[in-house]
>>> print(open('final15.pdb').read())   # PDB, C-alpha atoms
ATOM      1  CA  MET A   1     109.130 -98.162  12.841
ATOM      2  CA  ASP A   2     106.927 -97.859   9.747
ATOM      3  CA  ILE A   3     108.314 -95.587   7.056
ATOM      4  CA  ILE A   4     107.022 -94.503   3.665
ATOM      5  CA  ASP A   5     108.855 -95.774   0.596
ATOM      6  CA  PRO A   6     111.960 -93.592  -0.008
ATOM      7  CA  LYS A   7     111.473 -94.132  -3.767
ATOM      8  CA  SER A   8     108.028 -92.508  -3.689
ATOM      9  CA  ASP A   9     107.559 -88.927  -4.789
ATOM     10  CA  LEU A  10     106.647 -87.807  -1.261
ATOM     11  CA  GLY A  11     109.471 -89.716   0.415
ATOM     12  CA  PHE A  12     112.262 -88.857  -2.007
ATOM     13  CA  LYS A  13     111.564 -85.126  -1.992
ATOM     14  CA  ALA A  14     111.024 -85.038   1.763
ATOM     15  CA  MET A  15     114.521 -86.450   2.269
ATOM     16  CA  LEU A  16     116.358 -84.164  -0.122
ATOM     17  CA  VAL A  17     114.662 -80.793  -0.429
ATOM     18  CA  ASP A  18     115.766 -78.342   2.289
ATOM     19  CA  ARG A  19     117.972 -81.021   3.873
ATOM     20  CA  PRO A  20     121.365 -80.226   2.373
ATOM     21  CA  HIS A  21     123.384 -82.613   4.560
ATOM     22  CA  ILE A  22     121.423 -85.629   3.245
ATOM     23  CA  PHE A  23     121.594 -84.395  -0.343
ATOM     24  CA  ILE A  24     125.355 -83.767  -0.108
ATOM     25  CA  HIS A  25     126.094 -87.162   1.434
ATOM     26  CA  LEU A  26     123.897 -88.975  -1.105
ATOM     27  CA  VAL A  27     125.498 -87.344  -4.153
ATOM     28  CA  ASN A  28     129.048 -87.688  -2.804
ATOM     29  CA  SER A  29     128.303 -91.388  -2.251
ATOM     30  CA  LEU A  30     126.764 -91.970  -5.686
ATOM     31  CA  VAL A  31     129.266 -90.058  -7.833
ATOM     32  CA  ARG A  32     133.052 -89.903  -7.744
ATOM     33  CA  LEU A  33     133.660 -86.195  -8.196
ATOM     34  CA  PRO A  34     136.994 -84.438  -8.796
ATOM     35  CA  LYS A  35     136.084 -82.314  -5.747
ATOM     36  CA  ARG A  36     133.529 -83.472  -3.209
ATOM     37  CA  ILE A  37     130.461 -81.330  -2.593
ATOM     38  CA  ILE A  38     130.793 -79.210   0.529
ATOM     39  CA  GLU A  39     127.712 -77.004   0.417
ATOM     40  CA  VAL A  40     124.753 -76.581  -1.906
ATOM     41  CA  LYS A  41     122.057 -74.099  -2.798
ATOM     42  CA  PHE A  42     118.749 -75.597  -3.859
ATOM     43  CA  MET A  43     117.152 -74.250  -7.020
ATOM     44  CA  ASN A  44     113.700 -74.337  -8.550
ATOM     45  CA  PRO A  45     113.173 -77.947  -9.724
ATOM     46  CA  GLU A  46     111.088 -76.648 -12.637
ATOM     47  CA  ILE A  47     113.455 -76.116 -15.555
ATOM     48  CA  LEU A  48     111.847 -73.384 -17.627
ATOM     49  CA  PRO A  49     112.649 -73.092 -21.341
ATOM     50  CA  ASP A  50     114.337 -70.011 -22.767
ATOM     51  CA  LYS A  51     111.553 -69.505 -25.334
ATOM     52  CA  LEU A  52     107.788 -69.782 -25.368
ATOM     53  CA  ASN A  53     106.138 -72.979 -26.644
ATOM     54  CA  LEU A  54     109.105 -75.113 -25.565
ATOM     55  CA  LYS A  55     108.743 -77.975 -23.083
ATOM     56  CA  ASN A  56     108.962 -77.396 -19.319
ATOM     57  CA  SER A  57     110.735 -79.993 -17.190
ATOM     58  CA  ILE A  58     110.466 -80.840 -13.510
ATOM     59  CA  VAL A  59     113.059 -82.863 -11.603
ATOM     60  CA  ASP A  60     112.929 -84.061  -7.998
ATOM     61  CA  ALA A  61     115.841 -81.965  -6.733
ATOM     62  CA  CYS A  62     118.154 -79.461  -8.379
ATOM     63  CA  CYS A  63     120.989 -77.515  -6.778
ATOM     64  CA  MET A  64     124.302 -75.737  -7.335
ATOM     65  CA  ASP A  65     127.339 -76.293  -5.135
ATOM     66  CA  SER A  66     130.100 -73.918  -4.046
ATOM     67  CA  GLU A  67     132.055 -74.766  -7.234
ATOM     68  CA  ARG A  68     129.002 -73.655  -9.276
ATOM     69  CA  ARG A  69     128.485 -77.205 -10.537
ATOM     70  CA  HIS A  70     124.865 -78.175 -11.090
ATOM     71  CA  PHE A  71     123.348 -81.388  -9.737
ATOM     72  CA  MET A  72     119.974 -82.797 -10.701
ATOM     73  CA  VAL A  73     118.767 -85.843  -8.780
ATOM     74  CA  GLU A  74     115.703 -87.799  -9.803
ATOM     75  CA  MET A  75     113.953 -90.977  -8.739
ATOM     76  CA  GLN A  76     112.113 -92.739 -11.570
ATOM     77  CA  MET A  77     109.620 -95.288 -10.256
ATOM     78  CA  ALA A  78     107.864 -96.185 -13.521
ATOM     79  CA  GLN A  79     109.397 -97.058 -16.867
ATOM     80  CA  GLN A  80     109.295 -94.264 -19.405
ATOM     81  CA  SER A  81     110.067 -94.376 -23.102
ATOM     82  CA  ASN A  82     113.054 -92.342 -24.329
ATOM     83  CA  PHE A  83     114.129 -91.686 -20.742
ATOM     84  CA  ILE A  84     117.795 -91.141 -21.649
ATOM     85  CA  GLN A  85     116.808 -88.545 -24.267
ATOM     86  CA  ARG A  86     114.584 -86.792 -21.735
ATOM     87  CA  THR A  87     117.458 -86.741 -19.241
ATOM     88  CA  LEU A  88     119.833 -85.313 -21.847
ATOM     89  CA  TYR A  89     117.280 -82.659 -22.774
ATOM     90  CA  ASN A  90     116.894 -81.536 -19.158
ATOM     91  CA  ALA A  91     120.644 -81.524 -18.477
ATOM     92  CA  SER A  92     121.274 -79.518 -21.659
ATOM     93  CA  LYS A  93     118.780 -76.868 -20.570
ATOM     94  CA  VAL A  94     120.457 -76.521 -17.178
ATOM     95  CA  TYR A  95     123.865 -76.282 -18.870
ATOM     96  CA  ALA A  96     122.698 -73.628 -21.337
ATOM     97  CA  ARG A  97     120.903 -71.424 -18.838
ATOM     98  CA  GLN A  98     124.158 -70.895 -16.881
ATOM     99  CA  LEU A  99     125.267 -68.367 -19.484
ATOM    100  CA  PRO A 100     123.391 -65.062 -19.328
ATOM    101  CA  LYS A 101     124.044 -62.445 -22.009
ATOM    102  CA  ASN A 102     127.619 -61.110 -22.145
ATOM    103  CA  ASN A 103     129.065 -63.938 -20.053
ATOM    104  CA  HIS A 104     131.970 -66.025 -21.316
ATOM    105  CA  TYR A 105     131.848 -69.704 -22.294
ATOM    106  CA  LYS A 106     134.709 -70.347 -19.874
ATOM    107  CA  ASP A 107     132.252 -69.653 -17.052
ATOM    108  CA  LEU A 108     130.223 -72.764 -17.878
ATOM    109  CA  GLN A 109     130.437 -75.448 -15.202
ATOM    110  CA  PRO A 110     129.596 -79.185 -15.376
ATOM    111  CA  VAL A 111     126.076 -80.522 -15.008
ATOM    112  CA  TYR A 112     125.449 -83.880 -13.341
ATOM    113  CA  SER A 113     122.103 -85.567 -13.913
ATOM    114  CA  ILE A 114     121.836 -88.409 -11.391
ATOM    115  CA  ASN A 115     118.958 -90.830 -11.879
ATOM    116  CA  LEU A 116     117.862 -93.678  -9.628
ATOM    117  CA  LEU A 117     115.672 -96.093 -11.588
ATOM    118  CA  ASN A 118     113.275 -98.667 -10.214
ATOM    119  CA  HIS A 119     113.273-100.434 -13.593
ATOM    120  CA  SER A 120     115.767-101.617 -16.196
ATOM    121  CA  LEU A 121     117.380 -99.068 -18.470
ATOM    122  CA  ASP A 122     118.380-101.824 -20.893
ATOM    123  CA  ASN A 123     118.192-105.588 -21.155
ATOM    124  CA  VAL A 124     121.561-105.906 -22.903
ATOM    125  CA  THR A 125     123.951-105.952 -19.949
ATOM    126  CA  GLU A 126     123.905-106.915 -16.286
ATOM    127  CA  SER A 127     125.540-103.590 -15.455
ATOM    128  CA  TRP A 128     123.460-101.526 -13.021
ATOM    129  CA  HIS A 129     125.607 -98.373 -13.176
ATOM    130  CA  HIS A 130     125.764 -96.259 -16.353
ATOM    131  CA  TRP A 131     127.685 -93.006 -16.821
ATOM    132  CA  TYR A 132     127.411 -91.164 -20.139
ATOM    133  CA  ARG A 133     129.595 -88.224 -21.147
ATOM    134  CA  LEU A 134     131.250 -86.944 -24.312
ATOM    135  CA  THR A 135     134.266 -89.059 -25.238
ATOM    136  CA  HIS A 136     136.718 -88.891 -28.149
ATOM    137  CA  HIS A 137     135.914 -91.629 -30.662
ATOM    138  CA  GLU A 138     139.511 -92.926 -30.693
ATOM    139  CA  HIS A 139     141.188 -91.665 -27.532
ATOM    140  CA  PHE A 140     138.863 -92.728 -24.721
ATOM    141  CA  ASP A 141     140.873 -90.867 -22.096
ATOM    142  CA  MET A 142     139.949 -87.579 -23.812
ATOM    143  CA  GLN A 143     136.584 -86.571 -22.378
ATOM    144  CA  LEU A 144     134.395 -83.523 -21.964
ATOM    145  CA  ASP A 145     132.938 -83.514 -18.477
ATOM    146  CA  ASP A 146     130.422 -80.721 -19.081
ATOM    147  CA  LEU A 147     127.378 -83.018 -19.353
ATOM    148  CA  ASN A 148     127.133 -86.138 -17.197
ATOM    149  CA  LEU A 149     124.178 -88.518 -17.390
ATOM    150  CA  ILE A 150     124.379 -91.045 -14.550
ATOM    151  CA  PHE A 151     121.949 -93.915 -13.998
ATOM    152  CA  PHE A 152     121.594 -96.494 -11.234
ATOM    153  CA  GLU A 153     119.322 -99.488 -11.878
ATOM    154  CA  LEU A 154     118.134-100.398  -8.393
ATOM    155  CA  GLN A 155     116.613-103.773  -9.254
ATOM    156  CA  LYS A 156     119.768-104.969 -11.024
ATOM    157  CA  TRP A 157     121.901-103.828  -8.098
ATOM    158  CA  GLN A 158     119.682-105.695  -5.656
ATOM    159  CA  LYS A 159     119.806-108.822  -7.820
ATOM    160  CA  ASN A 160     123.599-108.589  -7.813
ATOM    161  CA  ASN A 161     123.425-109.205  -4.036
ATOM    162  CA  LYS A 162     126.876-107.876  -3.120
ATOM    163  CA  PHE A 163     125.875-105.415  -0.423
ATOM    164  CA  ASP A 164     128.810-104.098   1.612
ATOM    165  CA  ILE A 165     127.684-101.951   4.535
ATOM    166  CA  ASN A 166     131.148-100.370   4.717
ATOM    167  CA  LYS A 167     130.628 -98.703   1.321
ATOM    168  CA  PRO A 168     128.574 -95.471   1.339
ATOM    169  CA  LEU A 169     127.247 -96.198  -2.172
ATOM    170  CA  ASP A 170     125.977 -99.629  -1.102
ATOM    171  CA  ARG A 171     124.418 -98.194   2.047
ATOM    172  CA  TRP A 172     122.314 -95.761   0.027
ATOM    173  CA  LEU A 173     121.310 -98.288  -2.636
ATOM    174  CA  GLN A 174     120.306-100.672   0.150
ATOM    175  CA  PHE A 175     118.267 -97.871   1.671
ATOM    176  CA  PHE A 176     116.295 -97.367  -1.544
ATOM    177  CA  THR A 177     115.808-101.070  -2.305
ATOM    178  CA  ASN A 178     115.345-102.433   1.228
ATOM    179  CA  PRO A 179     114.688 -99.587   3.693
ATOM    180  CA  LYS A 180     113.411-102.026   6.342
ATOM    181  CA  PHE A 181     117.032-103.130   6.746
ATOM    182  CA  TYR A 182     117.648 -99.878   8.635
ATOM    183  CA  THR A 183     114.353 -99.803  10.533
ATOM    184  CA  MET A 184     115.319-103.139  12.083
ATOM    185  CA  MET A 185     118.499-101.611  13.478
ATOM    186  CA  SER A 186     118.667-100.214  16.965
ATOM    187  CA  LEU A 187     118.942 -96.449  17.368
ATOM    188  CA  GLU A 188     122.568 -96.854  18.419
ATOM    189  CA  GLU A 189     123.369 -98.866  15.299
ATOM    190  CA  ARG A 190     121.694 -96.312  13.048
ATOM    191  CA  LYS A 191     123.720 -93.503  14.588
ATOM    192  CA  MET A 192     126.770 -95.002  12.871
ATOM    193  CA  PHE A 193     125.201 -93.799   9.619
ATOM    194  CA  GLU A 194     124.079 -90.278  10.471
ATOM    195  CA  GLU A 195     122.569 -89.187   7.144
ATOM    196  CA  ILE A 196     120.686 -92.437   6.548
ATOM    197  CA  SER A 197     119.473 -92.412  10.153
ATOM    198  CA  ASP A 198     118.125 -88.898   9.605
ATOM    199  CA  ALA A 199     116.460 -90.042   6.357
ATOM    200  CA  VAL A 200     114.762 -92.932   8.196
ATOM    201  CA  ASP A 201     113.432 -90.516  10.818
ATOM    202  CA  ILE A 202     112.138 -88.142   8.123
ATOM    203  CA  LEU A 203     110.201 -90.988   6.464
ATOM    204  CA  ASN A 204     108.471 -92.094   9.670
ATOM    205  CA  VAL A 205     104.761 -92.329   8.801
ATOM    206  CA  LYS A 206     103.887 -90.552  12.066
ATOM    207  CA  LYS A 207     105.370 -87.347  10.658
ATOM    208  CA  TYR A 208     102.799 -87.125   7.841
ATOM    209  CA  SER A 209      99.202 -85.967   7.841
ATOM    210  CA  PRO A 210      96.328 -88.265   6.804
ATOM    211  CA  GLU A 211      95.959 -86.246   3.591
ATOM    212  CA  GLN A 212      99.650 -86.661   2.752
ATOM    213  CA  LEU A 213      99.398 -90.405   3.358
ATOM    214  CA  ARG A 214      96.299 -90.663   1.151
ATOM    215  CA  THR A 215      98.211 -88.897  -1.638
ATOM    216  CA  TYR A 216     101.125 -91.270  -1.047
ATOM    217  CA  ASP A 217      98.868 -94.336  -1.344
ATOM    218  CA  LEU A 218      97.334 -92.951  -4.531
ATOM    219  CA  PHE A 219     100.812 -92.410  -5.994
ATOM    220  CA  LEU A 220     101.764 -96.045  -5.306
ATOM    221  CA  ASP A 221      98.448 -97.278  -6.743
ATOM    222  CA  ASN A 222      99.022 -95.302  -9.938
ATOM    223  CA  ILE A 223     102.518 -96.762 -10.284
ATOM    224  CA  MET A 224     101.150-100.301  -9.896
ATOM    225  CA  ILE A 225      98.418 -99.644 -12.477
ATOM    226  CA  ARG A 226     100.942 -98.209 -14.929
ATOM    227  CA  GLU A 227     103.280-101.186 -14.515
ATOM    228  CA  SER A 228     100.360-103.598 -14.957
ATOM    229  CA  ASP A 229      99.286-101.793 -18.153
ATOM    230  CA  LEU A 230     102.847-101.963 -19.502
ATOM    231  CA  ASP A 231     103.059-105.693 -18.734
ATOM    232  CA  ASN A 232      99.758-106.318 -20.514
ATOM    233  CA  ALA A 233     100.843-104.272 -23.519
ATOM    234  CA  GLU A 234     104.119-106.198 -23.670
ATOM    235  CA  MET A 235     102.324-109.559 -23.567
ATOM    236  CA  ILE A 236      99.920-108.453 -26.320
ATOM    237  CA  GLY A 237     102.878-107.290 -28.416
ATOM    238  CA  ILE A 238     104.708-110.587 -27.931
ATOM    239  CA  SER A 239     101.583-112.564 -28.825
ATOM    240  CA  LYS A 240     101.034-110.553 -32.006
ATOM    241  CA  GLY A 241     104.715-110.872 -32.915
ATOM    242  CA  ILE A 242     104.598-114.654 -32.567
ATOM    243  CA  GLU A 243     101.446-114.853 -34.693
ATOM    244  CA  GLN A 244     102.954-112.644 -37.404
ATOM    245  CA  GLY A 245     106.100-114.752 -37.320
ATOM    246  CA  ARG A 246     104.047-117.869 -37.878
ATOM    247  CA  GLU A 247     102.223-116.268 -40.806
ATOM    248  CA  LEU A 248     105.473-115.143 -42.402
ATOM    249  CA  ALA A 249     107.049-118.558 -41.878
ATOM    250  CA  SER A 250     104.031-120.275 -43.455
ATOM    251  CA  GLU A 251     104.109-118.003 -46.504
ATOM    252  CA  GLU A 252     107.844-118.594 -46.962
ATOM    253  CA  ILE A 253     107.425-122.369 -46.718
ATOM    254  CA  ILE A 254     104.607-122.342 -49.261
ATOM    255  CA  GLN A 255     106.690-120.282 -51.692
ATOM    256  CA  ILE A 256     109.723-122.569 -51.332
ATOM    257  CA  ILE A 257     107.602-125.687 -51.876
ATOM    258  CA  THR A 258     105.983-124.043 -54.921
ATOM    259  CA  GLU A 259     109.403-123.354 -56.434
ATOM    260  CA  LEU A 260     110.539-126.926 -55.752
ATOM    261  CA  LYS A 261     107.474-128.345 -57.509
ATOM    262  CA  LYS A 262     108.147-126.190 -60.580
ATOM    263  CA  MET A 263     111.570-127.851 -60.825
ATOM    264  CA  GLU A 264     112.897-124.754 -62.629
ATOM    265  CA  LEU A 265     115.495-123.656 -60.068
ATOM    266  CA  THR A 266     118.229-125.543 -58.233
ATOM    267  CA  ILE A 267     118.331-125.868 -54.471
ATOM    268  CA  GLU A 268     121.128-123.269 -54.399
ATOM    269  CA  GLN A 269     119.076-120.787 -56.453
ATOM    270  CA  ILE A 270     115.953-121.243 -54.309
ATOM    271  CA  ALA A 271     117.961-120.768 -51.113
ATOM    272  CA  GLU A 272     119.435-117.558 -52.514
ATOM    273  CA  LYS A 273     116.021-116.322 -53.694
ATOM    274  CA  PHE A 274     114.445-116.690 -50.236
ATOM    275  CA  ASN A 275     117.568-115.764 -48.267
ATOM    276  CA  THR A 276     117.645-119.096 -46.463
ATOM    277  CA  THR A 277     120.000-122.068 -46.190
ATOM    278  CA  GLN A 278     120.430-124.823 -48.759
ATOM    279  CA  ASP A 279     119.928-127.424 -46.004
ATOM    280  CA  LYS A 280     116.490-126.014 -45.234
ATOM    281  CA  VAL A 281     115.432-126.155 -48.904
ATOM    282  CA  ALA A 282     116.827-129.692 -49.205
ATOM    283  CA  ARG A 283     114.753-130.849 -46.200
ATOM    284  CA  PHE A 284     111.567-129.516 -47.816
ATOM    285  CA  LYS A 285     112.480-131.296 -51.039
ATOM    286  CA  LEU A 286     112.743-134.606 -49.197
ATOM    287  CA  LEU A 287     109.268-134.075 -47.730
ATOM    288  CA  ILE A 288     107.491-133.519 -51.057
ATOM    289  CA  PHE A 289     109.330-135.940 -53.319
TER     290      PHE A 289
END
>>> encode(input="final15.pdb", output="structure tokens")
Amino acid sequence: MDIIDPKSDLGFKAMLVDRPHIFIHLVNSLVRLPKRIIEVKFMNPEILPDKLNLKNSIVDACCMDSERRHFMVEMQMAQQSNFIQRTLYNASKVYARQLPKNNHYKDLQPVYSINLLNHSLDNVTESWHHWYRLTHHEHFDMQLDDLNLIFFELQKWQKNNKFDINKPLDRWLQFFTNPKFYTMMSLEERKMFEEISDAVDILNVKKYSPEQLRTYDLFLDNIMIRESDLDNAEMIGISKGIEQGRELASEEIIQIITELKKMELTIEQIAEKFNTTQDKVARFKLLIF
């Protein structure tokens, strides 16, 4: 079976919107909630601002469950600057719009922004799962659960290579990173995983019109072009940084050698003046004398 990429805009929304059982199973698998989601009501994915001239936001899927908790789920294929800030902005708007005039603050319910990323959120850690919420600066067990920003780095998870088919979380992350794994299964094997089996059937290319598939191909092409442009920009930036580093290093060396030739300052004083080590200054002195 050929299926469209579940990370694509067409595929991701086709799976989730108006298919509550898939949405519920996905979110319950991705997030450990105090109470599991039982039923949901989908909402307009366009998050309108409360005032004119403020920024509109659109997420892939947005819903409220029977506990009145809000869940926003988004797939991010291409890297975007300030993505965490954008996510916080959107979650804050959803949190604030819960409270119409004359309602009480106690009626506010948690907001969960769940983001699946096809790129790295940071290059600092190998961690592929990030959960941000308000935490006391000394007592880490004291938390406010009102705003939850949750990120899954798909590429890092795949690189980790610890897939366990018995874990619902792993099954879904495998689905998004290697969907062919499930298309190679027999129908009987897929029936063991009802929601994922349904998702595979929904993404069957035969279910989409030629126009939808052309739009899908264009979406993937645009993603590839964007990633290529980012790679080129990064390489140009690195090249310029190296060249500037060389220029700065050359200027510093010239200034140190000039001071040594004057013979007015000691090695210690020159090192302090240029914020470098005495050993480095001493090596230059050996070269010129």
>>> resolve_selection(input="final15.pdb", expression="the PyMOL selection byres ((chain A and resi 84-90) around 8)", output="mmCIF file with C-alpha atoms, keeping the file's coordinate frame")
data_model
loop_
_atom_site.group_PDB
_atom_site.id
_atom_site.type_symbol
_atom_site.label_atom_id
_atom_site.label_comp_id
_atom_site.auth_asym_id
_atom_site.auth_seq_id
_atom_site.Cartn_x
_atom_site.Cartn_y
_atom_site.Cartn_z
ATOM 1 C CA ILE A 47 113.455 -76.116 -15.555
ATOM 2 C CA SER A 57 110.735 -79.993 -17.190
ATOM 3 C CA ASN A 82 113.054 -92.342 -24.329
ATOM 4 C CA PHE A 83 114.129 -91.686 -20.742
ATOM 5 C CA ALA A 91 120.644 -81.524 -18.477
ATOM 6 C CA SER A 92 121.274 -79.518 -21.659
ATOM 7 C CA LYS A 93 118.780 -76.868 -20.570
ATOM 8 C CA VAL A 94 120.457 -76.521 -17.178
ATOM 9 C CA SER A 113 122.103 -85.567 -13.913
ATOM 10 C CA LEU A 149 124.178 -88.518 -17.390
#
>>> resolve_selection(input="final15.pdb", expression="the PyMOL selection byres ((chain A and resi 66) around 8)", output="PyMOL selection string")
chain A and resi 37-40+64-65+67-69
>>> atom_distance(input="final15.pdb", atom1="CA of Leu26 (chain A)", atom2="CA of Phe42 (chain A)")
14.6 Å
>>> resolve_selection(input="final15.pdb", expression="the PyMOL selection byres ((chain A and resi 108) around 9)", output="list in words")
Arg68, Arg69, Tyr95, Ala96, Gln98, Leu99, His104, Tyr105, Lys106, Asp107, Gln109, Pro110 and Asp146 of chain A
>>> closest_residue(input="final15.pdb", among="A:Met192, A:Leu265, A:Leu116, A:Leu169", to="Pro6 (chain A)", atoms="all atoms listed in the file")
A:Leu116
>>> closest_residue(input="final15.pdb", among="A:Ser8, A:Met1, A:Leu144, A:Leu154", to="His129 (chain A)", atoms="only C-alpha atoms")
A:Leu154
>>> atom_distance(input="final15.pdb", atom1="CA of Ile196 (chain A)", atom2="CA of Met224 (chain A)")
26.7 Å
>>> closest_residue(input="final15.pdb", among="A:Lys35, A:Lys285, A:Arg171, A:Lys159", to="Glu195 (chain A)", atoms="only C-alpha atoms")
A:Arg171
>>> closest_residue(input="final15.pdb", among="A:Arg32, A:Leu147, A:Tyr182, A:Asp217", to="Glu194 (chain A)", atoms="only C-alpha atoms")
A:Tyr182
>>> closest_residue(input="final15.pdb", among="A:Val205, A:Met263, A:Leu16, A:Val27", to="Ala61 (chain A)", atoms="all atoms listed in the file")
A:Leu16
>>> residues_around(input="final15.pdb", residues="Asn115 (chain A)", least_positions_apart="6", cutoff="10 Å", atoms="all atoms listed in the file", output="list in words")
Val59, Asp60, Met72, Val73, Glu74, Met75, Gln76, Ile84, Thr87, His130, Leu149, Ile150, Phe151, Phe152 and Glu153 of chain A
>>> atom_distance(input="final15.pdb", atom1="CA of Glu126 (chain A)", atom2="CA of Phe163 (chain A)")
16.1 Å
>>> axis_aligned_box(input="final15.pdb", around="region 68-85 of chain A", padding_each_side="5 Å", output="AutoDock Vina command-line options")
--center_x 118.4 --center_y -85.4 --center_z -16.5 --size_x 31.1 --size_y 33.4 --size_z 25.6
>>> closest_residue(input="final15.pdb", among="A:Ile3, A:Ile257, A:Val17, A:Ile114", to="Leu30 (chain A)", atoms="all atoms listed in the file")
A:Ile114
>>> residues_around(input="final15.pdb", residues="region 267-280 of chain A", least_positions_apart="5", cutoff="10 Å", atoms="all atoms listed in the file", output="PDB file with C-alpha atoms, in the coordinates of the input")
ATOM      1  CA  GLU A 252     107.844-118.594 -46.962  1.00  0.00           C
ATOM      2  CA  ILE A 253     107.425-122.369 -46.718  1.00  0.00           C
ATOM      3  CA  GLN A 255     106.690-120.282 -51.692  1.00  0.00           C
ATOM      4  CA  ILE A 256     109.723-122.569 -51.332  1.00  0.00           C
ATOM      5  CA  ILE A 257     107.602-125.687 -51.876  1.00  0.00           C
ATOM      6  CA  GLU A 259     109.403-123.354 -56.434  1.00  0.00           C
ATOM      7  CA  LEU A 260     110.539-126.926 -55.752  1.00  0.00           C
ATOM      8  CA  LYS A 285     112.480-131.296 -51.039  1.00  0.00           C
TER       9      LYS A 285
END
